[in-house]
$ cat input.cif   # mmCIF, C-alpha atoms
data_target
#
loop_
_atom_site.label_atom_id
_atom_site.label_comp_id
_atom_site.auth_asym_id
_atom_site.auth_seq_id
_atom_site.Cartn_x
_atom_site.Cartn_y
_atom_site.Cartn_z
CA MET A 30 95.49 236.82 -17.08
CA LYS A 31 92.39 238.92 -16.96
CA ARG A 32 89.70 238.23 -19.65
CA SER A 33 88.13 241.32 -21.03
CA HIS A 34 84.36 241.45 -21.25
CA PRO A 35 83.02 241.38 -24.80
CA ASP A 36 81.25 244.37 -26.26
CA ARG A 37 77.69 244.60 -24.85
CA SER A 38 76.29 245.42 -28.28
CA ILE A 39 77.52 242.08 -29.61
CA CYS A 40 76.42 239.90 -26.71
CA ASP A 41 73.03 241.53 -26.15
CA THR A 42 71.08 239.81 -28.92
CA PRO A 43 67.27 240.10 -28.92
CA ALA A 44 66.96 236.68 -27.30
CA THR A 45 69.38 237.56 -24.48
CA LYS A 46 67.65 240.88 -23.95
CA VAL A 47 64.31 239.14 -23.41
CA ALA A 48 65.93 236.66 -21.07
CA LYS A 49 67.64 239.40 -19.09
CA ALA A 50 64.58 241.52 -18.88
CA GLY A 51 62.55 238.64 -17.50
CA GLY A 52 60.01 239.71 -14.98
CA GLU A 53 61.00 243.41 -15.20
CA GLU A 54 59.55 243.84 -18.70
CA VAL A 55 56.35 241.87 -17.85
CA ALA A 56 55.85 244.03 -14.77
CA ALA A 57 56.37 247.16 -16.81
CA CYS A 58 53.74 246.07 -19.33
CA ARG A 59 51.24 245.29 -16.61
CA GLY A 60 51.81 248.68 -15.10
CA GLN A 61 51.15 250.36 -18.41
CA GLU A 62 47.89 248.42 -18.88
CA ALA A 63 46.70 249.42 -15.42
CA ALA A 64 47.46 253.05 -16.20
CA MET A 65 45.39 253.09 -19.42
CA PRO A 66 42.14 255.11 -19.27
CA ALA A 67 38.90 253.26 -18.50
CA GLN A 68 37.50 254.32 -21.89
CA ASN A 69 39.68 251.66 -23.56
CA GLU A 70 37.32 249.02 -22.15
CA ASN A 71 34.69 250.09 -24.70
CA LEU A 72 37.01 249.84 -27.69
CA ASP A 73 35.62 247.70 -30.51
CA HIS A 74 37.46 244.37 -30.76
CA THR A 75 37.82 244.46 -34.51
CA ASN A 76 40.82 244.09 -36.66
CA VAL A 77 42.79 247.26 -37.00
CA GLY A 78 42.84 246.92 -40.75
CA ALA A 79 39.03 246.24 -41.15
CA PRO A 80 37.13 248.93 -43.12
CA ALA A 81 34.60 251.07 -41.30
CA PRO A 82 30.93 250.02 -41.78
CA SER A 83 29.07 251.82 -44.54
CA ALA A 84 26.06 254.01 -43.93
CA LYS A 85 23.80 251.27 -45.27
CA GLU A 86 25.29 248.70 -42.87
CA GLN A 87 24.94 251.09 -39.94
CA ALA A 88 21.28 251.73 -40.85
CA ALA A 89 20.61 247.98 -41.10
CA ALA A 90 22.22 247.36 -37.70
CA ARG A 91 20.20 250.18 -36.15
CA ALA A 92 16.99 248.79 -37.66
CA ALA A 93 17.80 245.36 -36.22
CA ARG A 94 18.36 246.83 -32.75
CA ILE A 95 15.02 248.66 -32.97
CA ARG A 96 13.22 245.45 -34.00
CA LEU A 97 14.75 243.58 -31.05
CA GLY A 98 13.72 246.34 -28.64
CA LEU A 99 17.29 247.26 -27.79
CA GLU A 100 16.91 250.80 -29.08
CA LYS A 101 14.01 253.21 -29.52
CA PRO A 102 13.32 254.67 -32.98
CA ASP A 103 13.99 258.32 -33.58
CA PRO A 104 10.83 260.06 -34.92
CA SER A 105 12.90 262.72 -36.64
CA GLU A 106 14.60 260.13 -38.84
CA ALA A 107 11.35 259.10 -40.57
CA ALA A 108 10.52 262.72 -41.36
CA SER A 109 13.97 263.47 -42.73
CA ALA A 110 14.37 260.21 -44.70
CA PRO A 111 15.07 260.95 -48.36
CA ALA A 112 12.43 259.95 -50.88
CA GLU A 113 13.18 256.99 -53.12
CA GLU A 114 14.76 257.98 -56.37
CA GLY A 115 13.38 256.98 -59.73
CA PRO A 116 9.82 256.50 -60.97
CA VAL A 117 7.49 254.01 -59.29
CA LYS A 118 7.00 250.90 -61.44
CA LEU A 119 3.35 249.97 -61.79
CA PRO A 120 2.13 246.45 -62.64
CA ASP A 121 1.73 245.87 -66.33
CA GLY A 122 -0.48 243.54 -68.35
CA VAL A 123 -4.15 243.43 -69.20
CA GLU A 124 -6.44 245.05 -66.67
CA PRO A 125 -8.66 242.34 -65.08
CA VAL A 126 -12.33 242.59 -65.94
CA SER A 127 -14.86 242.48 -63.12
CA VAL A 128 -17.36 239.67 -63.76
CA GLU A 129 -20.59 239.21 -61.85
CA ILE A 130 -22.38 235.86 -62.12
CA VAL A 131 -26.14 236.15 -61.63
CA ASN A 132 -28.07 232.98 -60.78
CA LEU A 133 -31.78 233.70 -61.08
CA PRO A 134 -34.43 231.56 -59.39
CA SER A 135 -35.93 228.98 -61.72
CA ASP A 136 -39.27 230.77 -61.95
CA GLN A 137 -37.53 233.91 -63.22
CA LEU A 138 -35.71 232.24 -66.11
CA GLN A 139 -37.05 233.41 -69.47
CA PRO A 140 -37.57 231.02 -72.43
CA LEU A 141 -35.52 231.36 -75.60
CA GLU A 142 -36.98 232.33 -78.93
CA GLU A 143 -37.65 229.37 -81.17
CA ALA A 144 -34.83 230.29 -83.55
CA ALA A 145 -32.32 230.55 -80.67
CA VAL A 146 -33.02 227.10 -79.22
CA GLY A 147 -31.08 225.23 -81.92
CA GLU A 148 -28.08 227.55 -81.57
CA ALA A 149 -28.12 227.13 -77.78
CA LEU A 150 -28.20 223.33 -78.09
CA GLU A 151 -25.39 223.33 -80.62
CA GLY A 152 -22.97 225.22 -78.38
CA LEU A 153 -24.11 223.77 -75.04
CA ALA A 154 -21.57 220.94 -74.67
CA GLY A 155 -18.65 223.17 -75.65
CA LYS A 156 -19.57 225.80 -73.11
CA LEU A 157 -20.11 223.29 -70.32
CA ALA A 158 -16.68 221.78 -71.00
CA SER A 159 -14.91 225.14 -71.33
CA LYS A 160 -11.91 225.89 -69.10
CA ASP A 161 -12.94 229.54 -69.08
CA TRP A 162 -15.04 229.76 -65.93
CA VAL A 163 -17.15 232.63 -67.27
CA VAL A 164 -18.03 230.62 -70.39
CA ALA A 165 -18.77 227.57 -68.22
CA CYS A 166 -21.21 229.61 -66.11
CA GLU A 167 -22.87 230.85 -69.28
CA GLY A 168 -23.28 227.25 -70.43
CA LEU A 169 -24.76 226.22 -67.08
CA ASN A 170 -27.26 229.08 -67.27
CA THR A 171 -28.21 227.97 -70.79
CA LEU A 172 -28.70 224.43 -69.48
CA ARG A 173 -31.07 225.79 -66.84
CA VAL A 174 -33.13 227.69 -69.39
CA LEU A 175 -33.37 224.66 -71.68
CA THR A 176 -34.27 222.41 -68.76
CA VAL A 177 -37.05 224.66 -67.50
CA HIS A 178 -38.58 225.80 -70.81
CA HIS A 179 -37.36 223.47 -73.58
CA GLN A 180 -37.31 219.98 -72.08
CA ALA A 181 -38.22 218.10 -75.25
CA ALA A 182 -35.50 219.84 -77.26
CA LEU A 183 -32.86 219.15 -74.60
CA GLN A 184 -33.76 215.47 -74.12
CA PRO A 185 -31.42 214.08 -76.84
CA GLN A 186 -28.40 215.89 -75.30
CA LEU A 187 -29.30 215.25 -71.69
CA GLU A 188 -27.08 212.19 -71.31
CA GLU A 189 -24.06 214.27 -72.37
CA ALA A 190 -25.02 217.44 -70.48
CA ILE A 191 -25.53 215.95 -67.01
CA PRO A 192 -21.96 214.56 -66.57
CA LEU A 193 -20.58 217.91 -67.79
CA ALA A 194 -22.68 219.70 -65.19
CA PHE A 195 -21.34 217.37 -62.49
CA ALA A 196 -17.81 218.08 -63.73
CA ASN A 197 -18.38 221.77 -63.00
CA VAL A 198 -19.28 220.88 -59.40
CA ARG A 199 -15.58 219.94 -59.10
CA ASN A 200 -14.47 223.38 -60.32
CA LEU A 201 -12.24 225.29 -57.91
CA ARG A 202 -14.28 228.47 -58.33
CA SER A 203 -17.18 228.60 -55.92
CA ALA A 204 -19.24 230.65 -58.39
CA VAL A 205 -19.04 227.81 -60.91
CA GLN A 206 -19.87 225.25 -58.23
CA LYS A 207 -23.02 227.13 -57.25
CA SER A 208 -24.12 227.55 -60.88
CA ALA A 209 -23.61 223.83 -61.52
CA LEU A 210 -25.55 222.81 -58.42
CA MET A 211 -28.46 225.06 -59.36
CA ALA A 212 -28.47 223.65 -62.90
CA LEU A 213 -28.61 220.10 -61.52
CA GLN A 214 -31.51 221.11 -59.27
CA ASP A 215 -33.49 222.11 -62.35
CA VAL A 216 -32.49 218.86 -64.07
CA VAL A 217 -33.77 216.80 -61.12
CA THR A 218 -37.03 218.74 -61.07
CA ALA A 219 -37.59 218.19 -64.79
CA TYR A 220 -36.09 214.75 -65.44
CA HIS A 221 -36.04 213.08 -61.99
CA ASP A 222 -34.16 209.75 -62.24
CA ALA A 223 -31.92 210.92 -65.09
CA VAL A 224 -29.34 212.18 -62.57
CA VAL A 225 -29.08 208.94 -60.59
CA ALA A 226 -26.92 206.93 -63.01
CA PRO A 227 -24.19 209.62 -63.36
CA LEU A 228 -23.80 209.75 -59.55
CA SER A 229 -21.48 206.75 -59.55
CA ALA A 230 -19.42 207.99 -62.52
CA GLY A 231 -16.19 209.96 -62.25
CA LYS A 232 -13.05 209.56 -60.16
CA PRO A 233 -13.81 210.27 -57.39
CA PRO A 234 -17.51 209.56 -57.90
CA ASN A 235 -19.80 212.50 -58.61
CA PHE A 236 -21.90 211.70 -55.57
CA LEU A 237 -18.85 211.96 -53.31
CA GLN A 238 -18.14 215.42 -54.73
CA LEU A 239 -21.74 216.39 -54.07
CA LEU A 240 -21.54 215.26 -50.44
CA GLN A 241 -18.26 217.15 -49.99
CA ARG A 242 -19.81 220.33 -51.36
CA SER A 243 -22.74 219.99 -48.97
CA ALA A 244 -20.28 219.81 -46.06
CA GLN A 245 -17.92 222.64 -47.03
CA ASP A 246 -17.56 225.92 -45.15
CA LYS A 247 -18.83 228.23 -47.90
CA ARG A 248 -22.49 228.32 -46.99
CA PHE A 249 -23.78 229.66 -50.31
CA VAL A 250 -22.35 226.54 -51.99
CA ALA A 251 -23.22 224.11 -49.19
CA ASP A 252 -26.83 225.31 -49.10
CA GLU A 253 -27.27 224.64 -52.83
CA ALA A 254 -25.70 221.18 -52.50
CA GLN A 255 -27.99 220.29 -49.59
CA ARG A 256 -30.99 221.57 -51.54
CA LEU A 257 -29.98 219.34 -54.47
CA LEU A 258 -29.74 216.30 -52.17
CA GLN A 259 -33.20 217.03 -50.80
CA LEU A 260 -34.65 217.37 -54.31
CA MET A 261 -33.06 214.07 -55.30
CA ALA A 262 -34.49 212.35 -52.24
CA GLU A 263 -37.93 213.72 -53.05
CA GLY A 264 -37.89 213.51 -56.85
CA CYS A 265 -35.94 210.35 -57.66
CA ALA A 266 -37.18 206.81 -57.25
CA PRO A 267 -36.33 205.98 -53.61
CA GLY A 268 -34.96 202.54 -54.40
CA LEU A 269 -32.59 203.83 -57.07
CA PHE A 270 -31.34 206.76 -55.03
CA LEU A 271 -30.96 204.61 -51.92
CA GLU A 272 -28.47 202.36 -53.71
CA ALA A 273 -26.37 205.42 -54.56
CA VAL A 274 -26.41 206.67 -50.96
CA LEU A 275 -25.72 203.50 -48.96
CA PRO A 276 -21.98 203.06 -49.81
CA PHE A 277 -21.14 206.56 -48.54
CA ALA A 278 -22.77 206.12 -45.12
CA GLU A 279 -19.57 204.32 -44.07
CA ASN A 280 -17.12 206.73 -45.69
CA LYS A 281 -13.88 207.45 -43.80
CA SER A 282 -14.44 211.20 -43.98
CA PRO A 283 -16.51 212.34 -40.96
CA LYS A 284 -18.11 215.18 -42.94
CA VAL A 285 -19.02 212.98 -45.89
CA ARG A 286 -20.38 210.31 -43.55
CA THR A 287 -22.55 212.88 -41.79
CA GLU A 288 -24.04 214.22 -45.02
CA ALA A 289 -24.65 210.67 -46.25
CA ALA A 290 -26.44 209.81 -43.00
CA LYS A 291 -28.73 212.82 -43.37
CA THR A 292 -29.46 211.90 -46.99
CA LEU A 293 -30.10 208.27 -46.04
CA LYS A 294 -32.67 209.40 -43.50
CA MET A 295 -34.44 211.54 -46.13
CA VAL A 296 -34.55 208.66 -48.62
CA VAL A 297 -36.00 206.19 -46.11
CA TYR A 298 -38.62 208.73 -45.05
CA GLN A 299 -39.57 209.33 -48.70
CA MET A 300 -39.76 205.61 -49.41
CA HIS A 301 -41.98 205.16 -46.37
CA THR A 302 -44.25 208.02 -47.50
CA LYS A 303 -44.49 207.01 -51.16
CA GLU A 304 -44.38 203.21 -51.01
CA GLY A 305 -45.38 202.27 -47.47
CA ASN A 306 -43.98 200.24 -44.59
CA GLN A 307 -43.73 196.92 -46.36
CA ALA A 308 -41.73 198.43 -49.24
CA VAL A 309 -39.09 199.72 -46.84
CA LYS A 310 -38.93 196.42 -45.01
CA ASP A 311 -38.61 194.40 -48.21
CA ALA A 312 -36.18 196.70 -50.01
CA CYS A 313 -33.56 197.71 -47.51
CA PHE A 314 -34.51 197.05 -43.91
CA PRO A 315 -31.54 194.85 -42.85
CA ARG A 316 -28.89 197.04 -44.55
CA VAL A 317 -30.32 200.29 -43.27
CA LEU A 318 -30.71 198.84 -39.78
CA LYS A 319 -27.05 197.78 -39.77
CA LEU A 320 -25.87 201.23 -40.87
CA THR A 321 -28.17 202.89 -38.34
CA GLY A 322 -26.61 200.91 -35.51
CA LYS A 323 -23.12 202.03 -36.56
CA LEU A 324 -24.09 205.66 -37.05
CA LEU A 325 -25.85 205.73 -33.68
CA VAL A 326 -22.43 205.70 -31.98
CA ASP A 327 -20.65 207.85 -34.58
CA ALA A 328 -18.29 210.56 -33.36
CA GLN A 329 -20.12 213.21 -35.43
CA PRO A 330 -23.21 214.77 -33.80
CA GLY A 331 -24.93 215.21 -37.18
CA ALA A 332 -24.53 211.53 -38.04
CA ARG A 333 -25.79 210.45 -34.60
CA SER A 334 -28.83 212.72 -34.86
CA ALA A 335 -29.79 211.30 -38.26
CA ALA A 336 -29.28 207.76 -36.98
CA GLN A 337 -31.52 208.40 -33.97
CA GLU A 338 -34.37 209.50 -36.21
CA LEU A 339 -33.77 206.53 -38.49
CA ALA A 340 -33.80 204.10 -35.57
CA LEU A 341 -37.20 205.31 -34.40
CA LYS A 342 -38.59 205.18 -37.96
CA LEU A 343 -37.33 201.62 -38.45
CA ARG A 344 -38.83 200.62 -35.11
CA GLU A 345 -42.16 202.07 -36.20
CA ILE A 346 -42.03 200.30 -39.58
CA HIS A 347 -41.19 196.95 -37.99
CA SER A 348 -43.97 197.28 -35.42
CA THR A 349 -46.54 198.17 -38.09
CA CYS A 350 -45.54 195.32 -40.39
CA GLU A 351 -45.69 192.81 -37.55
CA GLU A 352 -49.01 194.32 -36.41
CA GLY A 353 -47.69 194.74 -32.88
CA GLY A 354 -48.34 191.14 -31.87
CA GLU A 355 -46.95 189.45 -28.81
CA GLY A 356 -43.92 188.17 -30.65
CA GLU A 357 -43.17 191.52 -32.33
CA GLN A 358 -40.81 192.74 -29.60
CA THR A 359 -38.94 189.44 -29.61
CA ALA A 360 -38.66 189.47 -33.40
CA TRP A 361 -37.36 193.06 -33.29
CA GLU A 362 -34.69 192.19 -30.73
CA GLU A 363 -33.60 189.09 -32.66
CA LEU A 364 -33.32 191.07 -35.90
CA CYS A 365 -31.19 193.75 -34.22
CA LYS A 366 -28.88 191.15 -32.70
CA LYS A 367 -28.53 189.41 -36.05
CA GLU A 368 -27.54 192.58 -37.92
CA LEU A 369 -25.61 194.43 -35.19
CA GLY A 370 -24.33 191.82 -32.77
CA VAL A 371 -24.97 191.82 -29.05
CA SER A 372 -23.08 195.02 -28.21
CA GLY A 373 -24.38 197.11 -31.10
CA SER A 374 -27.94 195.91 -30.77
CA SER A 375 -28.08 196.68 -27.05
CA LYS A 376 -27.41 200.38 -27.67
CA LEU A 377 -30.03 200.62 -30.41
CA LEU A 378 -32.63 198.66 -28.43
CA LYS A 379 -32.02 200.81 -25.36
CA PHE A 380 -32.38 204.03 -27.36
CA CYS A 381 -35.65 202.88 -28.96
CA ALA A 382 -37.03 201.73 -25.60
CA GLU A 383 -36.20 205.04 -23.92
CA ASN A 384 -37.80 207.03 -26.75
CA ALA A 385 -40.81 204.81 -27.43
CA ASN A 386 -43.13 207.78 -26.84
CA LYS A 387 -41.70 209.49 -29.97
CA ILE A 388 -42.66 206.62 -32.28
#
$ encode --input "input.cif" --output "structure tokens"
Amino acid sequence: MKRSHPDRSICDTPATKVAKAGGEEVAACRGQEAAMPAQNENLDHTNVGAPAPSAKEQAAARAARIRLGLEKPDPSEAASAPAEEGPVKLPDGVEPVSVEIVNLPSDQLQPLEEAAVGEALEGLAGKLASKDWVVACEGLNTLRVLTVHHQAALQPQLEEAIPLAFANVRNLRSAVQKSALMALQDVVTAYHDAVVAPLSAGKPPNFLQLLQRSAQDKRFVADEAQRLLQLMAEGCAPGLFLEAVLPFAENKSPKVRTEAAKTLKMVVYQMHTKEGNQAVKDACFPRVLKLTGKLLVDAQPGARSAAQELALKLREIHSTCEEGGEGEQTAWEELCKKELGVSGSSKLLKFCAENANKI
């Protein structure tokens, strides 16, 4: 009995159609892809349903391409760019006032009237301690005037005024730093040793701040700090000032160490001039000799230069005190070895021997 074939519409399900088609349908698809125009290669591979980029996004993408050098800017776009809408917002607040700080030379400072001296003394400490930098500079200028022209009247407040002046050396404003340094110069000139005791006060010590200011890059501040150090070396008792200087000649900071070495040289020279050879030898010779040997091989040129001058001065002092006898050279070598060791002393002795004509 013959079996009739079932209706094709019933048997040809989607699955059987795919199976029957097999390679024919794949081949047909490949043929269609090959026949597509070449322009389809540049079609953007984005989702069909994704929204088109806005004008702002397109402008940002174009700006990025221009920054990366992938596209050249169009000069016509800058000319045709629409102006920003809305008023321009200007900064608000109080208009800053231009302030000019004038630091006159000491010989140009004018004395106060007798009636104004008491008022100036009464407000001096408050102005020196003010957080307003303009008021602080005014107080420092008043301190200068009182120091130069009214020393007796200022004397009772001097112990309070000097630390406040040193505190202004720490100020972040360079104008205040300069004013404070100039005020301390006048104090040293008028009162001499009165500034030595406050040098060790403060955290960090005031003298460290002074050495840092003398080494900083702003020359108009550094020059005033170096001038103050020179005035202190010349005007203060050498023994007192020397004790303040010695600890900083071994400071870890190369700049501070250099400035301390220069100051140490000035103090020893002043002590030698004022008090003589024997005073230097009795007061500080071994300690200064030891520091000189270390500074002679310092990495900083300024420290080495100061140490070289010190070494020759110490050699001269030792020779004079020993009256240049036969055993003087032996005593000098033994002292150097005692304070510096064999290695350190050999460098100092060699330097002094090579430069004996400069002594």
$ atom_distance --input "input.cif" --atom1 "CA of Ala244 (chain A)" --atom2 "CA of Lys284 (chain A)"
6.0 Å
$ atom_distance --input "input.cif" --atom1 "CA of Ala273 (chain A)" --atom2 "CA of Ser229 (chain A)"
7.1 Å
$ resolve_selection --input "input.cif" --expression "the PyMOL selection byres ((chain A and resi 193) around 12)" --output "ChimeraX atom specification"
/A:153-160,165-166,168-169,172,186-192,194-200,209-210,212-213,224,227,230-231,235
$ residues_near_point --input "input.cif" --point "(-41.4, 209.6, -56.3)" --cutoff "9 Å" --atoms "all atoms listed in the file" --output "tab-separated table (two decimals) with C-alpha atoms, in the frame of the given file"
chain	number	residue	atom	x	y	z
A	221	HIS	CA	-36.04	213.08	-61.99
A	262	ALA	CA	-34.49	212.35	-52.24
A	263	GLU	CA	-37.93	213.72	-53.05
A	264	GLY	CA	-37.89	213.51	-56.85
A	265	CYS	CA	-35.94	210.35	-57.66
A	266	ALA	CA	-37.18	206.81	-57.25
A	267	PRO	CA	-36.33	205.98	-53.61
A	299	GLN	CA	-39.57	209.33	-48.70
A	300	MET	CA	-39.76	205.61	-49.41
A	303	LYS	CA	-44.49	207.01	-51.16
A	304	GLU	CA	-44.38	203.21	-51.01
$ resolve_selection --input "input.cif" --expression "the PyMOL selection byres ((chain A and resi 306) around 9)" --output "CSV table (one decimal) with C-alpha atoms, in the frame of the given file"
chain,number,residue,atom,x,y,z
A,300,MET,CA,-39.8,205.6,-49.4
A,301,HIS,CA,-42.0,205.2,-46.4
A,302,THR,CA,-44.2,208.0,-47.5
A,304,GLU,CA,-44.4,203.2,-51.0
A,305,GLY,CA,-45.4,202.3,-47.5
A,307,GLN,CA,-43.7,196.9,-46.4
A,308,ALA,CA,-41.7,198.4,-49.2
A,309,VAL,CA,-39.1,199.7,-46.8
A,310,LYS,CA,-38.9,196.4,-45.0
A,311,ASP,CA,-38.6,194.4,-48.2
A,345,GLU,CA,-42.2,202.1,-36.2
A,346,ILE,CA,-42.0,200.3,-39.6
A,347,HIS,CA,-41.2,197.0,-38.0
A,349,THR,CA,-46.5,198.2,-38.1
A,350,CYS,CA,-45.5,195.3,-40.4
$ resolve_selection --input "input.cif" --expression "the PyMOL selection byres ((chain A and resi 274-277) around 10)" --output "list of chain:residue names"
A:Leu228, A:Ser229, A:Phe236, A:Leu237, A:Leu240, A:Ala262, A:Leu269, A:Phe270, A:Leu271, A:Glu272, A:Ala273, A:Ala278, A:Glu279, A:Asn280, A:Lys281, A:Ser282, A:Val285, A:Arg286, A:Thr287, A:Glu288, A:Ala289, A:Ala290, A:Thr292, A:Leu293, A:Val296, A:Cys313, A:Arg316, A:Val317, A:Leu320
$ closest_residue --input "input.cif" --among "A:Ala81, A:Glu357, A:Val326, A:Ile388" --to "Lys376 (chain A)" --atoms "all atoms listed in the file"
A:Val326
$ residues_around --input "input.cif" --residues "Ala92 (chain A)" --least-positions-apart "6" --cutoff "12 Å" --atoms "all atoms listed in the file" --output "list in words"
Lys85, Glu86, Gly98, Leu99, Glu100, Lys101, Pro102, Asp103 and Glu106 of chain A
